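Peer 1: What follows is run.txt, made up of compact mmCIF, C-alpha atoms and all ligand atoms:
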```
# COMPACT_ATOMS: atom_id res chain seq x y z
CA ILE H 631 -16.78 13.00 5.89
CA GLY H 632 -13.26 13.36 4.61
CA GLN H 633 -12.50 13.74 0.93
CA VAL H 634 -10.08 10.84 0.93
CA PHE H 635 -12.61 8.61 2.60
CA ALA H 636 -15.32 9.67 0.13
CA LYS H 637 -12.99 8.76 -2.73
CA LEU H 638 -12.26 5.40 -1.15
CA MET H 639 -15.94 4.65 -0.82
CA SER H 640 -16.63 5.62 -4.40
CA ILE H 641 -14.07 3.03 -5.47
CA PHE H 642 -14.50 0.23 -2.98
CA GLY H 643 -17.98 0.72 -1.55
CA LYS H 644 -20.09 -1.87 -3.29
CA LYS H 645 -18.16 -5.04 -4.09
CA GLU H 646 -15.83 -7.32 -2.19
CA HIS H 647 -12.25 -6.14 -2.52
CA LYS H 648 -8.90 -7.09 -1.14
CA VAL H 649 -6.00 -4.68 -0.75
CA ILE H 650 -2.59 -5.33 0.75
CA ILE H 651 -0.76 -2.40 2.37
CA VAL H 652 2.94 -2.97 2.96
CA GLY H 653 6.00 -0.93 3.75
CA LEU H 654 8.91 -0.86 6.13
CA ASP H 655 8.27 -0.03 9.75
CA ASN H 656 7.69 3.73 10.15
CA ALA H 657 6.91 4.35 6.45
CA GLY H 658 3.48 5.81 7.25
CA LYS H 659 1.08 2.90 6.63
CA ILE H 660 -1.13 3.48 9.67
CA THR H 661 -1.23 7.21 9.04
CA ILE H 662 -2.41 6.62 5.47
CA LEU H 663 -4.98 4.11 6.60
CA TYR H 664 -6.34 6.60 9.14
CA GLN H 665 -6.74 9.12 6.34
CA PHE H 666 -8.73 6.50 4.44
CA LEU H 667 -10.98 5.75 7.37
CA THR H 668 -12.08 9.15 8.65
CA ASN H 669 -15.05 8.87 10.98
CA GLU H 670 -15.81 5.33 10.01
CA VAL H 671 -16.25 2.46 12.39
CA VAL H 672 -13.77 -0.24 11.50
CA HIS H 673 -13.38 -3.77 12.55
CA THR H 674 -9.86 -4.91 13.21
CA SER H 675 -9.19 -8.54 13.71
CA PRO H 676 -6.25 -8.68 16.05
CA THR H 677 -4.96 -12.17 15.53
CA ILE H 678 -4.97 -13.49 12.00
CA SER H 679 -1.29 -13.93 12.62
CA SER H 680 1.08 -12.15 14.91
CA ASN H 681 2.30 -9.57 12.42
CA VAL H 682 -0.55 -9.10 9.98
CA GLU H 683 -3.39 -6.72 10.65
CA GLU H 684 -6.72 -6.97 8.88
CA ILE H 685 -8.96 -3.93 8.68
CA VAL H 686 -12.42 -4.41 7.23
CA LEU H 687 -14.18 -1.40 5.82
CA GLN H 688 -17.63 -2.33 4.55
CA LYS H 689 -16.77 -5.01 1.98
CA THR H 690 -13.11 -4.16 1.52
CA HIS H 691 -10.46 -6.08 3.40
CA PHE H 692 -7.16 -4.33 3.98
CA PHE H 693 -4.29 -6.56 5.03
CA MET H 694 -1.32 -4.67 6.39
CA TRP H 695 2.15 -5.69 7.52
CA ASP H 696 5.73 -4.46 7.84
CA ILE H 697 8.17 -5.78 5.26
CA GLY H 698 11.88 -6.26 5.79
CA GLY H 699 13.97 -7.76 8.54
CA GLN H 700 11.64 -10.51 9.70
CA GLU H 701 12.57 -13.70 7.85
CA ALA H 702 10.72 -15.92 10.30
CA LEU H 703 7.41 -14.15 9.67
CA ARG H 704 7.65 -14.14 5.91
CA SER H 705 5.82 -17.45 5.41
CA THR H 706 2.62 -16.05 6.92
CA TRP H 707 2.40 -13.20 4.40
CA SER H 708 1.67 -15.31 1.35
CA MET H 709 -1.40 -16.74 3.11
CA HIS H 710 -3.04 -13.40 2.36
CA TYR H 711 -2.05 -13.06 -1.28
CA ALA H 712 -4.90 -14.86 -3.06
CA ASN H 713 -7.41 -12.64 -4.91
CA THR H 714 -5.59 -9.41 -4.09
CA GLU H 715 -6.50 -6.67 -6.55
CA PHE H 716 -4.19 -3.97 -5.23
CA ILE H 717 -0.93 -3.75 -3.38
CA ILE H 718 -0.19 -0.37 -1.82
CA LEU H 719 3.52 0.00 -1.04
CA VAL H 720 4.29 2.87 1.31
CA ILE H 721 7.78 4.36 1.14
CA ASP H 722 9.38 6.73 3.64
CA SER H 723 10.90 9.11 1.10
CA THR H 724 13.36 10.45 3.69
CA ASP H 725 14.95 7.06 4.29
CA ARG H 726 17.16 6.25 1.31
CA ASP H 727 18.92 3.42 3.14
CA GLN H 728 15.72 1.42 3.29
CA LEU H 729 14.87 1.69 -0.39
CA LEU H 730 16.99 -1.29 -1.34
CA THR H 731 15.10 -3.49 1.12
CA ALA H 732 11.77 -2.15 -0.16
CA ARG H 733 12.87 -2.86 -3.73
CA GLU H 734 13.80 -6.47 -2.95
CA GLU H 735 10.55 -7.09 -1.09
CA LEU H 736 8.42 -5.55 -3.82
CA HIS H 737 9.98 -7.57 -6.62
CA LYS H 738 9.78 -10.73 -4.51
CA MET H 739 6.07 -10.20 -3.88
CA LEU H 740 5.33 -9.51 -7.52
CA ALA H 741 7.01 -12.76 -8.56
CA HIS H 742 4.52 -14.70 -6.45
CA GLU H 743 1.95 -16.57 -8.52
CA ALA H 744 -0.97 -15.68 -6.23
CA LEU H 745 -0.37 -11.96 -6.86
CA ARG H 746 -0.25 -12.23 -10.64
CA ASP H 747 -3.40 -10.13 -11.11
CA ALA H 748 -2.51 -7.43 -8.59
CA SER H 749 -1.85 -3.81 -9.52
CA VAL H 750 0.66 -1.82 -7.49
CA LEU H 751 0.32 1.71 -6.14
CA ILE H 752 3.46 3.12 -4.56
CA PHE H 753 3.02 6.02 -2.19
CA ALA H 754 6.24 8.06 -1.92
CA ASN H 755 5.27 9.35 1.50
CA LYS H 756 6.66 12.20 3.64
CA GLN H 757 7.09 14.53 0.68
CA ASP H 758 6.62 17.41 3.14
CA MET H 759 10.13 16.77 4.54
CA LYS H 760 12.80 18.89 2.92
CA ASP H 761 15.27 16.00 2.59
CA SER H 762 12.77 13.69 0.92
CA THR H 763 13.61 11.85 -2.29
CA THR H 764 11.37 12.68 -5.27
CA PRO H 765 8.91 10.12 -6.69
CA VAL H 766 10.91 10.05 -9.95
CA GLU H 767 14.10 9.16 -8.12
CA ILE H 768 12.31 6.60 -5.93
CA SER H 769 10.87 5.06 -9.06
CA GLN H 770 14.43 4.61 -10.37
CA LEU H 771 15.77 3.28 -7.06
CA LEU H 772 12.93 0.74 -6.88
CA THR H 773 13.51 -0.17 -10.57
CA LEU H 774 9.82 0.16 -11.27
CA SER H 775 10.43 0.23 -15.02
CA ALA H 776 11.45 -3.46 -14.73
CA ILE H 777 7.88 -4.36 -13.69
CA GLU H 778 6.28 -5.51 -16.89
CA ASP H 779 3.54 -7.88 -15.84
CA HIS H 780 1.77 -5.70 -13.28
CA PRO H 781 0.24 -2.26 -13.75
CA TRP H 782 1.99 0.15 -11.38
CA HIS H 783 1.87 3.79 -10.45
CA ILE H 784 3.91 5.97 -8.11
CA GLN H 785 2.39 8.93 -6.29
CA GLY H 786 4.09 11.42 -3.99
CA CYS H 787 2.11 12.13 -0.83
CA CYS H 788 2.07 13.46 2.69
CA ALA H 789 0.02 11.17 4.92
CA LEU H 790 -0.08 13.78 7.70
CA THR H 791 -2.11 16.21 5.60
CA GLY H 792 -3.57 13.68 3.18
CA GLU H 793 -2.05 15.46 0.19
CA GLY H 794 -1.59 13.12 -2.77
CA LEU H 795 -3.72 10.32 -1.34
CA ARG H 796 -6.76 11.10 -3.45
CA ALA H 797 -4.63 11.23 -6.58
CA GLY H 798 -3.32 7.75 -5.75
CA LEU H 799 -6.84 6.46 -5.22
CA GLN H 800 -7.81 8.04 -8.51
CA TRP H 801 -5.32 5.74 -10.21
CA ILE H 802 -6.78 2.74 -8.37
CA GLN H 803 -10.19 3.81 -9.59
CA SER H 804 -8.95 3.97 -13.17
CA ARG H 805 -7.71 0.39 -12.76
CA THR H 806 -10.98 -0.91 -11.32
CA THR H 807 -12.89 0.51 -14.25
CA ALA H 808 -10.25 -0.79 -16.67
CA ASN H 809 -10.74 -4.34 -15.42
P1 LIG H 901 3.93 2.59 9.90
O1 LIG H 901 2.49 2.27 10.17
O2 LIG H 901 4.30 2.36 8.48
O3 LIG H 901 4.90 1.93 10.84
P2 LIG H 901 3.21 5.24 10.88
O4 LIG H 901 4.13 4.18 10.11
O5 LIG H 901 1.98 5.52 10.11
O6 LIG H 901 3.08 4.82 12.30
O7 LIG H 901 4.13 6.54 10.79
C1 LIG H 901 5.45 6.56 11.32
C2 LIG H 901 5.82 7.98 11.72
O8 LIG H 901 5.92 8.80 10.54
C3 LIG H 901 4.80 8.70 12.60
O9 LIG H 901 5.52 9.58 13.44
C4 LIG H 901 3.99 9.49 11.61
O10 LIG H 901 3.35 10.62 12.19
C5 LIG H 901 5.06 9.92 10.65
N1 LIG H 901 4.54 10.23 9.31
C6 LIG H 901 3.71 9.48 8.57
N2 LIG H 901 3.45 10.07 7.41
C7 LIG H 901 4.15 11.23 7.39
C8 LIG H 901 4.31 12.29 6.43
O11 LIG H 901 3.73 12.30 5.33
N3 LIG H 901 5.14 13.31 6.80
C9 LIG H 901 5.79 13.35 7.99
N4 LIG H 901 6.57 14.39 8.23
N5 LIG H 901 5.66 12.37 8.91
C10 LIG H 901 4.85 11.32 8.62
P3 LIG H 901 5.60 9.40 15.03
O12 LIG H 901 6.44 10.53 15.45
O13 LIG H 901 4.17 9.46 15.47
O14 LIG H 901 6.23 8.06 15.23
```
For the file at hand, write its structure as structure tokens.
Ligand code: G3D
Peer 2:
Amino acid sequence: IGQVFAKLMSIFGKKEHKVIIVGLDNAGKITILYQFLTNEVVHTSPTISSNVEEIVLQKTHFFMWDIGGQEALRSTWSMHYANTEFIILVIDSTDRDQLLTAREELHKMLAHEALRDASVLIFANKQDMKDSTTPVEISQLLTLSAIEDHPWHIQGCCALTGEGLRAGLQWIQSRTTAN
């Protein structure tokens, strides 16, 4: 059993939880989720809505979708906001052009009443690439310091190897025990 998966279970194993995973297309969401789910049977419900995927792992529900560029689909996202404890935003650190879109989407989500109690973990993914932007710089480009009413944390990672994912989950764990 993978270390990342073991960490995930130690955090989410016992109670009902809800986590939203978002990011632009190609950011690395599925790759991260696979690292979370090593060797575990998962149930995916294919049609909650056309663009939202729900992955259920024991009692934790992960809702995942692509942000950006799909105005018509936006209205379906907020259906999944209620009772969300954590939002995981995945950033492709090699794609600076997309950061502005990610920033707008993040701040828009956080302004939503139904997400008022959610904490935000940002994975600055693809740190293995030599042209990747550092987590510190991404934090500035996303204006994370302007987020005052939600706990947030940014973590560099490489979803291909799993590096950094446990550290991110560690922060989530510190939030679940803080609450
Ligand atoms: P998405 O679910 O957000 O759309 P995916 O993104 O998880 O499908 O990943 C998109 C592509 O990025 C994949 O490449 C995947 O292997 C790659 N990728 C994800 N994480 C990393 C990383 O940390 N480093 C590097 N170098 N690549 C990563 P393909 O070629 O399969 O489309």
Peer 1: Please determine, counting all atoms listed in the file, which residue among H:Ile721, H:Ile784, H:Ala797, H:Leu729 has the shortest atom-to-atom distance to ligand LIG 901 (chain H).
Peer 2: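 Looking at the shortest contact to ligand LIG 901 (chain H), the residue is H:Ile721.
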Peer 1: Which one of H:Thr714, H:Asn755, H:Asn681, H:Gln728 sits closest to ligand LIG 901 (chain H) if you count all atoms listed in the file?
Peer 2: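 Nearest to ligand LIG 901 (chain H): H:Asn755.
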Peer 1: What are the closest atom pairs, with distances in Å to one decimal, for each residue of chain H lying within 10 Å of ligand LIG 901 (chain H), using only C-alpha atoms and all ligand atoms, rows by chain and rising residue number, as a tab-separated table?
Peer 2:
```
residue	atom	partner	partner_atom	distance
H:Ile651	CA	H:LIG901	O2	9.3
H:Val652	CA	H:LIG901	O2	7.8
H:Gly653	CA	H:LIG901	O2	6.0
H:Leu654	CA	H:LIG901	O2	6.1
H:Asp655	CA	H:LIG901	O3	4.0
H:Asn656	CA	H:LIG901	O3	3.4
H:Ala657	CA	H:LIG901	O2	3.9
H:Gly658	CA	H:LIG901	O5	3.2
H:Lys659	CA	H:LIG901	O2	3.8
H:Ile660	CA	H:LIG901	O5	3.7
H:Thr661	CA	H:LIG901	O5	3.8
H:Ile662	CA	H:LIG901	O5	6.5
H:Leu663	CA	H:LIG901	O5	7.9
H:Tyr664	CA	H:LIG901	O5	8.4
H:Met694	CA	H:LIG901	O1	8.8
H:Trp695	CA	H:LIG901	O2	8.4
H:Asp696	CA	H:LIG901	O2	7.0
H:Ile697	CA	H:LIG901	O2	9.6
H:Leu719	CA	H:LIG901	O2	9.8
H:Val720	CA	H:LIG901	O2	7.2
H:Ile721	CA	H:LIG901	O2	8.4
H:Asp722	CA	H:LIG901	N2	7.8
H:Ser723	CA	H:LIG901	O11	8.9
H:Thr724	CA	H:LIG901	N4	9.1
H:Phe753	CA	H:LIG901	O11	9.8
H:Ala754	CA	H:LIG901	O11	8.8
H:Asn755	CA	H:LIG901	O11	5.1
H:Lys756	CA	H:LIG901	O11	3.4
H:Gln757	CA	H:LIG901	O11	6.2
H:Asp758	CA	H:LIG901	N3	5.7
H:Met759	CA	H:LIG901	N4	5.7
H:Lys760	CA	H:LIG901	N4	9.3
H:Ser762	CA	H:LIG901	N4	9.6
H:Gly786	CA	H:LIG901	O11	9.4
H:Cys787	CA	H:LIG901	O11	6.4
H:Cys788	CA	H:LIG901	O11	3.3
H:Ala789	CA	H:LIG901	O11	3.9
H:Leu790	CA	H:LIG901	O11	4.7
H:Thr791	CA	H:LIG901	O11	7.0
H:Gly792	CA	H:LIG901	O11	7.7
H:Glu793	CA	H:LIG901	O11	8.4
H:Gly794	CA	H:LIG901	O11	9.7
```
Peer 1: Check the smallest atom-to-atom distance from each of H:Phe716, H:Lys645, H:Trp707, H:Glu684 to Arg805 (chain H) using all atoms listed in the file, then report the winner.
Peer 2: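 Looking at the shortest contact to Arg805 (chain H), the residue is H:Phe716.
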Peer 1: Can you tell me how far CA of Phe693 (chain H) sits from CA of Trp782 (chain H), in Å to one decimal?
Peer 2: 18.8 Å
Peer 1: Extract, using all atoms listed in the file, all DNA, RNA and protein residues at most 9 Å from Pro781 (chain H), discarding same-chain residues fewer than 6 positions from it, and format them as a list in words.
Peer 2: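 Within the cut-off, the hits are Ala748, Ser749, Val750, Leu751 and Arg805 of chain H.
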Peer 1: Quote the spacing between CA of Ile768 (chain H) and CA of Glu735 (chain H) in Å to one decimal place.
Peer 2: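 Distance between the two atoms: 14.6 Å.
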Peer 1: What's the separation between CA of Ala776 (chain H) and CA of Val649 (chain H), in Å to one decimal place?
Peer 2: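 Going from CA of Ala776 (chain H) over to CA of Val649 (chain H) covers 22.4 Å.
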Peer 1: Using only C-alpha atoms, which residue out of H:Glu734, H:Met639, H:Ala702, H:Glu743 lies closest to Leu774 (chain H)?
Peer 2: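 With only C-alpha atoms as the atom set, the closest residue is H:Glu734.
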Peer 1: So, counting only C-alpha atoms, which residue among H:Pro765, H:Phe642, H:Ile777, H:Gln800 is closest to Met739 (chain H)?
Peer 2: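 Checking each of H:Pro765, H:Phe642, H:Ile777, H:Gln800 against Met739 (chain H), counting only C-alpha atoms, the winner is H:Ile777.
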Peer 1: Using all atoms listed in the file, find the one residue out of H:Thr690, H:Gln785, H:Thr773, H:Ser804 that sits nearest to Leu736 (chain H).
Peer 2: H:Thr773
